[in-house]
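**Q** Sharing protein-v2.cif here; it has mmCIF, C-alpha atoms.
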```
data_final
#
loop_
_atom_site.label_atom_id
_atom_site.label_comp_id
_atom_site.auth_asym_id
_atom_site.auth_seq_id
_atom_site.Cartn_x
_atom_site.Cartn_y
_atom_site.Cartn_z
CA MET A 26 3.79 -49.92 12.93
CA ASN A 27 5.36 -46.84 14.39
CA PRO A 28 4.46 -43.62 12.57
CA HIS A 29 7.09 -42.41 10.15
CA THR A 30 8.28 -38.95 11.06
CA TRP A 31 10.44 -36.30 9.42
CA ARG A 32 12.81 -34.42 11.62
CA LEU A 33 14.25 -31.10 10.51
CA ARG A 34 16.45 -28.72 12.45
CA ILE A 35 16.00 -24.99 11.95
CA SER A 36 18.68 -22.70 13.21
CA ALA A 37 18.33 -18.91 13.38
CA THR A 38 21.28 -17.31 11.64
CA GLY A 39 20.46 -13.64 12.34
CA GLY A 40 19.23 -10.88 10.07
CA GLY A 41 15.78 -12.46 9.87
CA GLN A 42 17.14 -15.66 8.33
CA ALA A 43 17.20 -19.29 9.33
CA THR A 44 18.94 -22.36 7.97
CA VAL A 45 16.96 -25.55 7.67
CA TYR A 46 18.81 -28.88 7.98
CA SER A 47 17.14 -32.03 6.74
CA ARG A 48 18.94 -35.33 6.11
CA GLN A 49 22.13 -34.30 4.26
CA HIS A 50 20.60 -31.10 2.87
CA GLN A 51 20.30 -27.55 4.05
CA PHE A 52 18.60 -24.40 2.80
CA ARG A 53 18.06 -20.84 3.98
CA ILE A 54 14.70 -19.16 4.57
CA GLY A 55 14.04 -15.48 5.22
CA THR A 56 11.25 -13.78 7.13
CA PRO A 57 7.74 -15.27 7.35
CA LEU A 58 6.53 -12.82 4.66
CA ASP A 59 8.52 -10.47 2.47
CA PHE A 60 7.11 -7.56 0.47
CA ASP A 61 10.45 -6.38 -0.91
CA ARG A 62 11.06 -7.56 -4.48
CA ALA A 63 14.79 -6.98 -4.02
CA SER A 64 15.06 -9.09 -0.88
CA PRO A 65 17.99 -11.56 -1.03
CA THR A 66 16.08 -14.48 0.53
CA LEU A 67 12.78 -16.22 -0.03
CA SER A 68 10.16 -15.98 2.67
CA ALA A 69 8.67 -18.89 4.60
CA LEU A 70 5.39 -18.36 2.75
CA GLU A 71 7.11 -18.63 -0.63
CA TYR A 72 8.74 -21.88 0.45
CA ALA A 73 5.36 -23.22 1.59
CA LEU A 74 3.68 -22.29 -1.71
CA GLY A 75 6.66 -23.56 -3.67
CA ALA A 76 6.53 -26.83 -1.77
CA LEU A 77 2.85 -27.26 -2.59
CA GLY A 78 3.46 -26.50 -6.28
CA ALA A 79 6.44 -28.84 -6.40
CA ASP A 80 4.40 -31.58 -4.71
CA VAL A 81 1.85 -31.33 -7.55
CA VAL A 82 4.34 -31.06 -10.42
CA ASN A 83 6.73 -33.71 -9.15
CA GLY A 84 3.89 -35.98 -8.09
CA LEU A 85 2.44 -35.84 -11.59
CA GLN A 86 5.84 -36.40 -13.18
CA LEU A 87 6.56 -39.39 -10.99
CA LEU A 88 3.21 -41.00 -11.72
CA ALA A 89 3.62 -40.38 -15.44
CA ARG A 90 6.88 -42.30 -15.38
CA GLN A 91 5.34 -45.14 -13.38
CA ARG A 92 2.36 -45.38 -15.76
CA ARG A 93 4.48 -45.01 -18.92
CA VAL A 94 2.66 -41.82 -19.87
CA ALA A 95 4.71 -39.43 -21.99
CA ILE A 96 4.89 -35.87 -20.76
CA GLU A 97 6.92 -33.38 -22.76
CA GLN A 98 6.53 -30.34 -20.58
CA LEU A 99 5.06 -29.75 -17.17
CA GLU A 100 4.75 -26.47 -15.34
CA ALA A 101 2.56 -24.96 -12.64
CA VAL A 102 1.69 -21.42 -11.62
CA ILE A 103 0.66 -20.96 -8.02
CA VAL A 104 -0.95 -17.85 -6.57
CA GLY A 105 -1.48 -17.50 -2.83
CA GLU A 106 -3.56 -14.94 -1.01
CA LEU A 107 -3.54 -14.16 2.70
CA ASN A 108 -6.57 -13.24 4.75
CA ASN A 109 -4.99 -9.89 5.68
CA PRO A 110 -1.23 -9.36 5.31
CA LEU A 111 -1.45 -6.07 7.23
CA THR A 112 -2.10 -8.07 10.42
CA TYR A 113 1.30 -9.75 9.96
CA LEU A 114 2.83 -6.25 10.00
CA GLY A 115 1.01 -5.52 13.23
CA VAL A 116 -1.04 -2.67 11.79
CA ILE A 117 -3.12 -1.36 14.68
CA GLY A 118 -6.84 -1.40 13.91
CA GLU A 119 -6.72 -4.08 11.21
CA SER A 120 -8.89 -7.17 11.55
CA GLY A 121 -8.58 -10.70 10.21
CA HIS A 122 -5.47 -12.84 10.38
CA PRO A 123 -2.22 -13.37 8.48
CA GLY A 124 -3.04 -16.93 7.44
CA VAL A 125 -3.37 -18.19 3.89
CA GLU A 126 -6.93 -17.73 2.68
CA LYS A 127 -6.78 -19.08 -0.83
CA VAL A 128 -4.34 -20.79 -3.15
CA CYS A 129 -4.85 -21.29 -6.90
CA ILE A 130 -2.68 -23.75 -8.78
CA LYS A 131 -2.83 -24.03 -12.51
CA VAL A 132 -0.87 -26.88 -14.05
CA TYR A 133 0.09 -26.93 -17.73
CA VAL A 134 0.94 -30.26 -19.30
CA ALA A 135 2.19 -30.77 -22.86
CA SER A 136 1.80 -34.37 -23.90
CA PRO A 137 1.24 -36.46 -27.04
CA GLU A 138 -1.14 -38.67 -25.01
CA GLU A 139 -4.93 -38.42 -25.06
CA GLU A 140 -6.35 -35.83 -22.70
CA ALA A 141 -8.35 -38.49 -20.84
CA THR A 142 -5.12 -40.27 -19.97
CA ILE A 143 -3.64 -37.11 -18.49
CA GLN A 144 -6.86 -36.44 -16.58
CA ARG A 145 -6.70 -39.92 -15.00
CA LEU A 146 -3.12 -39.28 -14.02
CA TRP A 147 -4.11 -35.91 -12.55
CA GLN A 148 -6.85 -37.45 -10.42
CA GLU A 149 -4.52 -40.12 -9.15
CA MET A 150 -1.87 -37.52 -8.31
CA LEU A 151 -4.44 -35.47 -6.35
CA ALA A 152 -5.48 -38.55 -4.40
CA ARG A 153 -1.88 -39.32 -3.47
CA SER A 154 -0.52 -35.83 -2.82
CA PRO A 155 0.40 -35.22 0.85
CA LEU A 156 0.36 -31.44 0.57
CA VAL A 157 -2.80 -31.16 -1.54
CA HIS A 158 -4.60 -33.22 1.11
CA THR A 159 -3.19 -31.06 3.89
CA PHE A 160 -3.99 -27.71 2.27
CA GLN A 161 -7.43 -28.57 0.92
CA ASP A 162 -8.64 -29.41 4.41
CA ALA A 163 -7.41 -26.07 5.74
CA ILE A 164 -7.89 -23.40 3.06
CA ARG A 165 -9.64 -22.68 -0.22
CA LEU A 166 -7.53 -24.62 -2.68
CA GLU A 167 -8.35 -24.30 -6.36
CA LEU A 168 -6.57 -26.68 -8.72
CA SER A 169 -6.89 -26.74 -12.47
CA LEU A 170 -5.21 -28.64 -15.24
CA GLN A 171 -4.65 -27.51 -18.81
CA VAL A 172 -3.53 -30.18 -21.23
CA MET A 173 -1.84 -29.17 -24.46
CA VAL A 174 -1.88 -32.21 -26.69
CA MET B 1 20.83 4.73 26.44
CA ASP B 2 17.70 6.34 25.04
CA TRP B 3 14.91 4.13 23.81
CA PRO B 4 14.44 4.13 20.04
CA ILE B 5 12.33 6.98 18.74
CA LEU B 6 8.84 5.59 18.19
CA MET B 7 7.44 6.61 14.84
CA GLY B 8 3.90 6.03 13.58
CA ALA B 9 2.64 5.67 10.03
CA VAL B 10 -0.62 4.68 8.39
CA LEU B 11 -0.24 1.59 6.25
CA TYR B 12 -2.78 0.75 3.55
CA ASP B 13 -0.61 -1.55 1.43
CA PRO B 14 1.93 -4.05 2.82
CA ARG B 15 4.44 -3.05 0.13
CA VAL B 16 4.66 0.41 1.72
CA SER B 17 6.23 -1.27 4.76
CA VAL B 18 9.36 -1.74 2.63
CA ILE B 19 9.85 2.06 2.58
CA TRP B 20 9.68 2.20 6.36
CA ASP B 21 12.09 -0.76 6.66
CA ILE B 22 14.63 1.14 4.55
CA ILE B 23 14.17 4.29 6.64
CA ARG B 24 14.47 2.33 9.88
CA ASN B 25 17.67 0.62 8.67
CA PHE B 26 19.11 3.99 7.65
CA TYR B 27 18.44 5.40 11.11
CA GLU B 28 19.98 2.30 12.68
CA GLU B 29 23.14 2.70 10.58
CA ASN B 30 23.33 6.34 11.67
CA HIS B 31 23.15 5.49 15.37
CA CYS B 32 19.67 6.88 15.89
CA PRO B 33 17.45 3.81 16.23
CA ILE B 34 13.76 4.17 15.49
CA ASP B 35 10.87 1.75 15.80
CA THR B 36 7.83 2.00 13.58
CA VAL B 37 4.24 1.39 14.60
CA PHE B 38 1.66 1.02 11.86
CA TYR B 39 -1.96 2.11 12.06
CA THR B 40 -4.92 1.30 9.88
CA ASN B 41 -6.17 4.89 9.88
CA TYR B 42 -5.12 8.41 10.86
CA GLU B 43 -7.66 8.72 13.63
CA LEU B 44 -5.96 5.94 15.61
CA MET B 45 -2.48 7.32 14.94
CA VAL B 46 -3.38 10.88 15.92
CA ARG B 47 -4.92 9.54 19.13
CA ALA B 48 -1.66 7.69 19.90
CA LEU B 49 0.37 10.87 19.27
CA VAL B 50 -1.96 12.99 21.38
CA GLN B 51 -1.80 10.47 24.23
CA GLY B 52 2.00 10.42 24.07
CA HIS B 53 2.32 6.81 22.85
CA LEU B 54 4.26 7.97 19.79
CA ASP B 55 7.20 10.33 19.43
CA VAL B 56 6.78 11.13 15.75
CA ALA B 57 3.82 10.66 13.43
CA TRP B 58 3.93 10.73 9.64
CA ASN B 59 0.76 12.75 9.25
CA SER B 60 -1.45 13.51 6.31
CA PRO B 61 -2.37 17.21 6.10
CA LEU B 62 -5.77 16.48 7.62
CA ALA B 63 -4.14 14.44 10.40
CA TRP B 64 -1.81 17.38 11.11
CA LEU B 65 -4.82 19.65 11.56
CA ASP B 66 -6.52 17.06 13.73
CA ALA B 67 -3.44 16.67 15.95
CA GLU B 68 -3.06 20.43 16.24
CA ARG B 69 -6.73 20.74 17.16
CA GLN B 70 -6.64 17.95 19.76
CA LEU B 71 -3.40 19.21 21.29
CA GLY B 72 -4.55 22.83 21.32
CA GLY B 73 -1.64 23.80 19.09
CA GLY B 74 0.84 21.81 21.18
CA CYS B 75 2.64 20.11 18.29
CA ARG B 76 5.21 20.87 15.62
CA ALA B 77 5.57 19.94 11.95
CA ILE B 78 9.28 19.19 11.88
CA ALA B 79 9.94 17.84 8.38
CA MET B 80 8.33 17.01 5.10
CA ARG B 81 9.21 15.88 1.57
CA ASP B 82 10.15 18.55 -0.94
CA THR B 83 7.17 17.28 -2.94
CA ASP B 84 4.81 17.93 -0.02
CA ARG B 85 5.21 21.66 -0.53
CA ASP B 86 3.07 23.75 -2.85
CA ARG B 87 0.90 21.02 -4.23
CA VAL B 88 -2.30 21.95 -6.07
CA SER B 89 -5.43 20.05 -7.06
CA HIS B 90 -7.01 20.25 -10.48
CA ILE B 91 -10.65 20.05 -11.43
CA ILE B 92 -10.64 18.46 -14.86
CA THR B 93 -13.30 18.06 -17.49
CA LYS B 94 -13.70 16.52 -20.93
CA ALA B 95 -11.96 18.64 -23.55
CA ALA B 96 -15.06 18.48 -25.72
CA GLY B 97 -17.47 18.83 -22.81
CA GLY B 98 -18.22 22.51 -23.33
CA LEU B 99 -17.16 23.70 -19.86
CA THR B 100 -14.65 26.55 -19.99
CA THR B 101 -14.86 28.33 -16.62
CA ILE B 102 -15.44 27.25 -13.06
CA GLU B 103 -18.82 29.03 -13.20
CA ASP B 104 -19.87 26.58 -15.92
CA LEU B 105 -19.99 23.92 -13.20
CA ARG B 106 -23.19 25.47 -11.85
CA GLY B 107 -25.95 22.89 -12.16
CA LYS B 108 -23.45 20.21 -13.15
CA THR B 109 -21.94 17.22 -11.33
CA ILE B 110 -18.43 16.90 -9.95
CA ALA B 111 -16.92 13.56 -8.92
CA VAL B 112 -14.58 13.66 -5.94
CA GLY B 113 -12.58 11.19 -3.84
CA ALA B 114 -13.12 9.96 -0.30
CA LYS B 115 -14.79 12.29 2.17
CA ASP B 116 -11.52 12.73 4.09
CA SER B 117 -9.24 13.25 1.09
CA PRO B 118 -7.71 16.74 1.25
CA GLN B 119 -6.56 16.77 -2.36
CA ALA B 120 -9.48 15.06 -4.06
CA THR B 121 -12.42 16.28 -1.98
CA LEU B 122 -11.98 18.83 0.80
CA ILE B 123 -9.76 21.38 -0.98
CA PRO B 124 -11.45 21.15 -4.41
CA LEU B 125 -14.88 21.60 -2.79
CA ARG B 126 -13.55 24.57 -0.81
CA TRP B 127 -12.23 25.97 -4.09
CA LEU B 128 -15.77 25.79 -5.51
CA GLN B 129 -17.10 27.53 -2.38
CA ARG B 130 -14.53 30.29 -2.79
CA HIS B 131 -15.88 30.83 -6.27
CA GLY B 132 -19.47 31.03 -5.10
CA LEU B 133 -20.51 27.48 -5.84
CA GLU B 134 -21.94 25.62 -2.86
CA PRO B 135 -21.49 21.83 -3.08
CA ASN B 136 -24.76 19.91 -3.29
CA ARG B 137 -26.69 23.13 -3.87
CA ASP B 138 -25.08 24.74 -6.90
CA VAL B 139 -23.02 21.71 -7.94
CA GLN B 140 -24.00 18.10 -7.42
CA VAL B 141 -21.25 16.06 -5.75
CA ARG B 142 -20.60 12.38 -6.39
CA ARG B 143 -18.24 11.14 -3.74
CA PHE B 144 -16.17 7.97 -3.89
CA ASP B 145 -15.55 6.91 -0.32
CA VAL B 146 -12.80 4.38 -0.82
CA LEU B 147 -10.89 3.37 2.34
CA VAL B 148 -12.15 6.23 4.47
CA GLY B 149 -9.77 6.95 7.35
CA LYS B 150 -6.67 6.85 5.17
CA HIS B 151 -7.21 10.45 3.98
CA GLY B 152 -7.02 9.60 0.30
CA ASP B 153 -3.41 8.33 0.51
CA HIS B 154 -4.16 5.31 -1.65
CA VAL B 155 -5.78 7.41 -4.49
CA GLY B 156 -8.48 4.77 -4.98
CA GLY B 157 -11.37 7.23 -4.60
CA GLU B 158 -9.60 9.80 -6.73
CA LEU B 159 -9.23 7.27 -9.53
CA GLN B 160 -12.86 6.17 -9.26
CA ALA B 161 -13.88 9.83 -9.47
CA PHE B 162 -12.01 10.18 -12.75
CA GLN B 163 -13.55 6.93 -14.03
CA CYS B 164 -16.97 8.37 -13.20
CA LEU B 165 -16.14 11.40 -15.36
CA ASP B 166 -14.80 9.09 -18.05
CA ARG B 167 -18.09 7.15 -18.11
CA GLY B 168 -19.98 10.38 -18.59
CA GLU B 169 -21.66 10.17 -15.18
CA ALA B 170 -20.09 13.45 -14.02
CA ASP B 171 -19.05 16.66 -15.75
CA ALA B 172 -15.80 17.12 -13.85
CA SER B 173 -13.55 15.36 -11.35
CA ALA B 174 -10.96 16.44 -8.81
CA LEU B 175 -7.43 15.14 -8.45
CA LEU B 176 -3.98 16.03 -7.15
CA ASP B 177 -1.56 17.61 -9.65
CA LEU B 178 0.90 14.72 -9.17
CA ASN B 179 -1.81 12.23 -10.12
CA TRP B 180 -2.77 14.29 -13.17
CA GLN B 181 0.89 14.18 -14.23
CA ARG B 182 1.23 10.46 -13.50
CA TRP B 183 -2.03 9.40 -15.12
CA THR B 184 -1.58 11.46 -18.27
CA ARG B 185 1.89 9.93 -18.58
CA ASP B 186 0.92 6.29 -18.00
CA GLY B 187 -2.17 6.35 -20.22
CA THR B 188 -4.81 6.29 -17.47
CA ILE B 189 -5.96 9.70 -18.72
CA ASP B 190 -5.80 10.72 -22.38
CA PRO B 191 -4.42 14.29 -22.20
CA GLN B 192 -6.06 15.08 -25.54
CA ALA B 193 -9.50 14.11 -24.26
CA TYR B 194 -9.36 15.91 -20.90
CA ARG B 195 -8.24 19.32 -19.75
CA ILE B 196 -7.81 21.26 -16.54
CA LEU B 197 -10.81 23.49 -15.86
CA THR B 198 -9.42 25.12 -12.74
CA THR B 199 -6.50 24.71 -10.34
CA THR B 200 -6.68 25.36 -6.61
CA ALA B 201 -4.32 27.59 -4.65
CA PRO B 202 -1.20 25.77 -3.41
CA PHE B 203 -1.26 23.70 -0.25
CA ASP B 204 1.15 21.43 1.62
CA HIS B 205 0.76 17.71 2.07
CA CYS B 206 2.28 15.31 4.66
CA CYS B 207 4.61 16.15 7.53
CA PHE B 208 6.42 14.51 10.43
CA THR B 209 4.64 15.73 13.54
CA VAL B 210 5.85 15.73 17.15
CA ARG B 211 4.20 16.90 20.34
CA ALA B 212 5.46 20.18 21.77
CA ASP B 213 7.04 18.28 24.66
CA PHE B 214 9.15 16.01 22.46
CA ALA B 215 12.75 16.46 23.66
CA HIS B 216 14.65 19.01 21.59
CA GLU B 217 17.84 16.88 21.50
CA ARG B 218 15.98 13.84 20.22
CA GLU B 219 14.20 15.92 17.59
CA GLN B 220 17.54 17.32 16.40
CA GLU B 221 18.97 13.82 16.25
CA PHE B 222 15.98 12.59 14.27
CA LEU B 223 16.30 15.49 11.82
CA ARG B 224 20.08 15.15 11.53
CA VAL B 225 19.67 11.64 10.14
CA LEU B 226 16.63 12.47 8.01
CA PHE B 227 18.35 15.41 6.32
CA ALA B 228 21.45 13.27 5.74
CA MET B 229 19.58 11.27 3.09
CA ARG B 230 20.82 12.18 -0.36
CA TYR B 231 19.05 11.50 -3.65
CA ASP B 232 22.41 11.16 -5.42
CA ASP B 233 23.30 8.24 -3.13
CA PRO B 234 21.98 5.07 -4.81
CA LYS B 235 21.31 3.49 -1.39
CA HIS B 236 18.89 6.28 -0.51
CA ARG B 237 17.43 6.78 -3.95
CA GLU B 238 15.33 3.60 -3.96
CA MET B 239 13.42 4.67 -0.87
CA MET B 240 13.21 8.29 -2.00
CA ASP B 241 11.78 7.23 -5.35
CA LEU B 242 9.26 4.99 -3.60
CA GLU B 243 8.26 7.86 -1.31
CA GLY B 244 8.29 10.35 -4.21
CA LEU B 245 10.83 12.88 -3.03
CA LYS B 246 14.22 14.30 -3.96
CA ALA B 247 14.99 15.80 -0.53
CA TRP B 248 13.62 16.06 2.99
CA VAL B 249 13.00 19.68 3.96
CA PRO B 250 12.04 21.44 7.21
CA GLY B 251 8.37 21.28 8.11
CA ARG B 252 6.16 24.33 7.84
CA THR B 253 2.50 24.93 8.56
CA ILE B 254 1.63 27.91 6.35
CA GLY B 255 0.69 25.44 3.63
CA TYR B 256 -2.21 24.06 5.65
CA ALA B 257 -4.25 27.28 5.63
CA LEU B 258 -6.41 26.33 2.65
CA LEU B 259 -7.21 22.92 4.15
CA GLN B 260 -7.96 24.56 7.50
CA GLU B 261 -10.43 26.80 5.69
CA ALA B 262 -12.01 23.77 3.99
CA VAL B 263 -12.25 21.85 7.26
CA GLU B 264 -14.04 24.74 8.95
CA ALA B 265 -16.37 25.46 6.02
CA GLN B 266 -17.28 21.79 5.64
CA HIS B 267 -17.43 21.07 9.41
CA VAL B 268 -15.12 18.09 8.99
CA PHE B 269 -14.26 17.66 12.66
CA ASP B 270 -17.85 18.28 13.78
CA GLN B 271 -19.07 15.08 12.09
#
```
How would this structure read if it were set down as structure tokens?
**A**
Amino acid sequence: MNPHTWRLRISATGGGQATVYSRQHQFRIGTPLDFDRASPTLSALEYALGALGADVVNGLQLLARQRRVAIEQLEAVIVGELNNPLTYLGVIGESGHPGVEKVCIKVYVASPEEEATIQRLWQEMLARSPLVHTFQDAIRLELSLQVMV
Amino acid sequence: MDWPILMGAVLYDPRVSVIWDIIRNFYEENHCPIDTVFYTNYELMVRALVQGHLDVAWNSPLAWLDAERQLGGGCRAIAMRDTDRDRVSHIITKAAGGLTTIEDLRGKTIAVGAKDSPQATLIPLRWLQRHGLEPNRDVQVRRFDVLVGKHGDHVGGELQAFQCLDRGEADASALLDLNWQRWTRDGTIDPQAYRILTTTAPFDHCCFTVRADFAHEREQEFLRVLFAMRYDDPKHREMMDLEGLKAWVPGRTIGYALLQEAVEAQHVFDQ
């Protein structure tokens, strides 16, 4: 079997922005990192963290539907930390690197099901998540689940 | 076409880069492009200025003195914030602590900021010396060396010095007047529980510094744009609020005399 690949086209649109084209979709991404709260675009790092969080939330939601497990509410909070963001800014004399050092994801699930059922679902989602597998091999990835029955 | 003016700044927090982005964009819009180079400490930035790698450096007061010393006086302070002028530091104590005069500090302990902080260490200790109290002989000094090299810009050591006083591990602590105002307003310091024991003579804070050989026309161009910023223009106000100023004003060096005195008395550049 030939490996399945995903092909995206990223076109620089000026002003520190790029447009990403994938299948029939497109979205805009700003600079690699952004420290300005008022910035009009999301940074590449925010997209990466958002993608990881969405992988977890949507993966859990999808499995719940497949396993006929009722979930009333599902939300995640994701916090990412870089090794040293000052190196991204090119600060002379700083050490370290601009890569992601640690990511913490806390997932909140409200469900009428037993907690053990949600925990089984959670473990299965972790085993099947493409991005969790990718990130946990590369960085410190801390995942936790809070079930509100 | 001239190359962009190369400006240096010390960066201790990535969010501060936003201020410099706004300034750089403003210069770009006003047809005077600048590029910014960030340094992790003032020593590296002063070296770059001295060696001619930078056109303009946003210097702390101690970095100004260091540049002036290394260049043998061959530099100019060309601009500063209105709030850089006539600052003072306070030495504060607990309101109920029983200390009423600076002399009461004899035999006591004062908490200060980082060893290179003009406002939280060097000037307050010089103020004690001026009043006949020799640090570590007549007054014990507890120093909080947080992020040394950044000249106390980040206020971390200054805050830890106050917390030391708050815990009862010191009898007094030193801080900049602006931090006293900010921290008594935001609840960090209870103004009923603490009071100012003594206030130093005024001194000036940061300044834009150029070497003496920086081209006059380029300096005038740089200043033309800088002084065109207006606090009543909403586009400028965001940056000016972040940088804590209402107006840019011409640089002056008379306000560094007290720090110069402290530097000599405490042999800062001999270490």
**Q** Based on only C-alpha atoms, which of the residues in chain A come within 10 Å of chain B? I want them as a ChimeraX atom specification.
**A** /A:59-62,64,109-120
**Q** Please provide as JSON, numbers by chain all residues within 9 Å of Val157 (chain A), with the sequence filter that same-chain residues fewer than 5 positions apart are discarded (counting all atoms listed in the file).
**A** {"A": [77, 80, 81, 151, 152, 162, 166]}
**Q** Which residues, written as a PyMOL selection string, have at least one atom at most 10 Å from Cys164 (chain B), with all atoms listed in the file counted and residues fewer than 2 positions away on the same chain left out?
**A** chain B and resi 110-112+142-144+158-162+166-173
**Q** Check what the PyMOL selection byres ((chain B and resi 128-132) around 10) selects in the file above and give those residues as a list in words.
**A**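 This file gives the following for the PyMOL selection byres ((chain B and resi 128-132) around 10): Ile91, Ile102, Glu103, Leu105, Arg106, Ile123, Pro124, Leu125, Arg126, Trp127, Leu133, Glu134, Pro135, Asp138, Val139, Thr198, Thr200, Ala262, Ala265 and Gln266 of chain B.
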**Q** Tell me which of B:Asp177, B:Asp104, B:Asp82, B:Glu28 sits closest to Gly244 (chain B), counting all atoms listed in the file.
**A**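 Result for the nearest residue to Gly244 (chain B): B:Asp82.
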**Q** At what distance in Å, to one decimal, does CA of Tyr46 (chain A) lie from CA of Trp31 (chain A)?
**A**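 We find that CA of Trp31 (chain A) and CA of Tyr46 (chain A) lie 11.3 Å from each other.
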**Q** Which residue is closest to Tyr231 (chain B)? Choose from B:Gly97, B:Thr121, B:Leu65, B:Arg81 and count only C-alpha atoms.
**A**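 For Tyr231 (chain B), the nearest of the given residues is B:Arg81.
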**Q** Given the file above and the PyMOL selection byres ((chain A and resi 132) around 12), which residues are selected, and can you give them as a ChimeraX atom specification?
**A** /A:78-86,98-104,129-131,133-135,143-144,147,167-173
**Q** What's around Arg165 (chain A) at 7 Å? Count all atoms listed in the file, leave out sequence neighbours fewer than 2 positions away in its own chain, and write the answer as a list in words.
**A**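 The filter keeps Glu126, Lys127, Val128, Gln161 and Glu167 of chain A.
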**Q** Would you export the selected residues with C-alpha atoms as a CSV table (one decimal), in the coordinates of the input, please?
**A**
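Generated file (part23.csv):
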```csv
chain,number,residue,atom,x,y,z
A,126,GLU,CA,-6.9,-17.7,2.7
A,127,LYS,CA,-6.8,-19.1,-0.8
A,128,VAL,CA,-4.3,-20.8,-3.2
A,161,GLN,CA,-7.4,-28.6,0.9
A,167,GLU,CA,-8.4,-24.3,-6.4
```
**Q** Can you tell me, as a list in words, what residues are no more than 12 Å from Asp270 (chain B) when counting all atoms listed in the file, ignoring any on the same chain fewer than 5 positions away?
**A**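 Result of the neighbour search: Asp66, Arg69, Val263, Glu264 and Ala265 of chain B.
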**Q** Compile the contact shell of Thr66 (chain A) as a ChimeraX atom specification: residues with an atom at most 12 Å away, counting all atoms listed in the file, same-chain residues fewer than 2 positions apart removed.
**A** /A:40-44,52-64,68-72
**Q** Measuring between only C-alpha atoms, which one of B:Trp3, B:Phe227, B:Tyr42, B:Trp58 shows the shortest distance to Lys246 (chain B)?
**A**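 Under the stated criterion, the closest residue is B:Phe227.
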**Q** Please report the interatomic distance between CA of Phe203 (chain B) and CA of Gly255 (chain B) in Å with one decimal.
**A**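 If I compute the distance from CA of Phe203 (chain B) to CA of Gly255 (chain B), I get 4.7 Å.
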**Q** Just say which residues the PyMOL selection byres ((chain B and resi 96) around 12) picks in this file, as an MDAnalysis selection string.
**A** chainID B and resid 92:95 97:100 168 171:172 191:195 197
**Q** Convert the current residue selection to file output with C-alpha atoms, as a short mmCIF file (atom, residue, chain, number, x, y, z; two decimals), in the coordinates of the input.
**A**
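Below you can see again26.cif, which holds the result:
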```cif
data_model
loop_
_atom_site.label_atom_id
_atom_site.label_comp_id
_atom_site.auth_asym_id
_atom_site.auth_seq_id
_atom_site.Cartn_x
_atom_site.Cartn_y
_atom_site.Cartn_z
CA ILE B 92 -10.64 18.46 -14.86
CA THR B 93 -13.30 18.06 -17.49
CA LYS B 94 -13.70 16.52 -20.93
CA ALA B 95 -11.96 18.64 -23.55
CA GLY B 97 -17.47 18.83 -22.81
CA GLY B 98 -18.22 22.51 -23.33
CA LEU B 99 -17.16 23.70 -19.86
CA THR B 100 -14.65 26.55 -19.99
CA GLY B 168 -19.98 10.38 -18.59
CA ASP B 171 -19.05 16.66 -15.75
CA ALA B 172 -15.80 17.12 -13.85
CA PRO B 191 -4.42 14.29 -22.20
CA GLN B 192 -6.06 15.08 -25.54
CA ALA B 193 -9.50 14.11 -24.26
CA TYR B 194 -9.36 15.91 -20.90
CA ARG B 195 -8.24 19.32 -19.75
CA LEU B 197 -10.81 23.49 -15.86
#
```
**Q** Report, in Å to a single decimal, how far apart CA of His151 (chain B) and CA of Pro118 (chain B) are.
**A**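 Separation between CA of Pro118 (chain B) and CA of His151 (chain B): 6.9 Å.
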**Q** For a quick check of your reading of the model, name the residues lying within 10 Å of the coordinate (-9.0, 12.5, 4.7), counting all atoms listed in the file, and write them as a ChimeraX atom specification.
**A** /B:41-43,60-63,113-122,145,147-153,268
**Q** Based on the selection just made, write C-alpha atoms of those residues as a short mmCIF file (atom, residue, chain, number, x, y, z; two decimals), in the coordinates of the input.
**A**
```cif
data_model
loop_
_atom_site.label_atom_id
_atom_site.label_comp_id
_atom_site.auth_asym_id
_atom_site.auth_seq_id
_atom_site.Cartn_x
_atom_site.Cartn_y
_atom_site.Cartn_z
CA ASN B 41 -6.17 4.89 9.88
CA TYR B 42 -5.12 8.41 10.86
CA GLU B 43 -7.66 8.72 13.63
CA SER B 60 -1.45 13.51 6.31
CA PRO B 61 -2.37 17.21 6.10
CA LEU B 62 -5.77 16.48 7.62
CA ALA B 63 -4.14 14.44 10.40
CA GLY B 113 -12.58 11.19 -3.84
CA ALA B 114 -13.12 9.96 -0.30
CA LYS B 115 -14.79 12.29 2.17
CA ASP B 116 -11.52 12.73 4.09
CA SER B 117 -9.24 13.25 1.09
CA PRO B 118 -7.71 16.74 1.25
CA GLN B 119 -6.56 16.77 -2.36
CA ALA B 120 -9.48 15.06 -4.06
CA THR B 121 -12.42 16.28 -1.98
CA LEU B 122 -11.98 18.83 0.80
CA ASP B 145 -15.55 6.91 -0.32
CA LEU B 147 -10.89 3.37 2.34
CA VAL B 148 -12.15 6.23 4.47
CA GLY B 149 -9.77 6.95 7.35
CA LYS B 150 -6.67 6.85 5.17
CA HIS B 151 -7.21 10.45 3.98
CA GLY B 152 -7.02 9.60 0.30
CA ASP B 153 -3.41 8.33 0.51
CA VAL B 268 -15.12 18.09 8.99
#
```
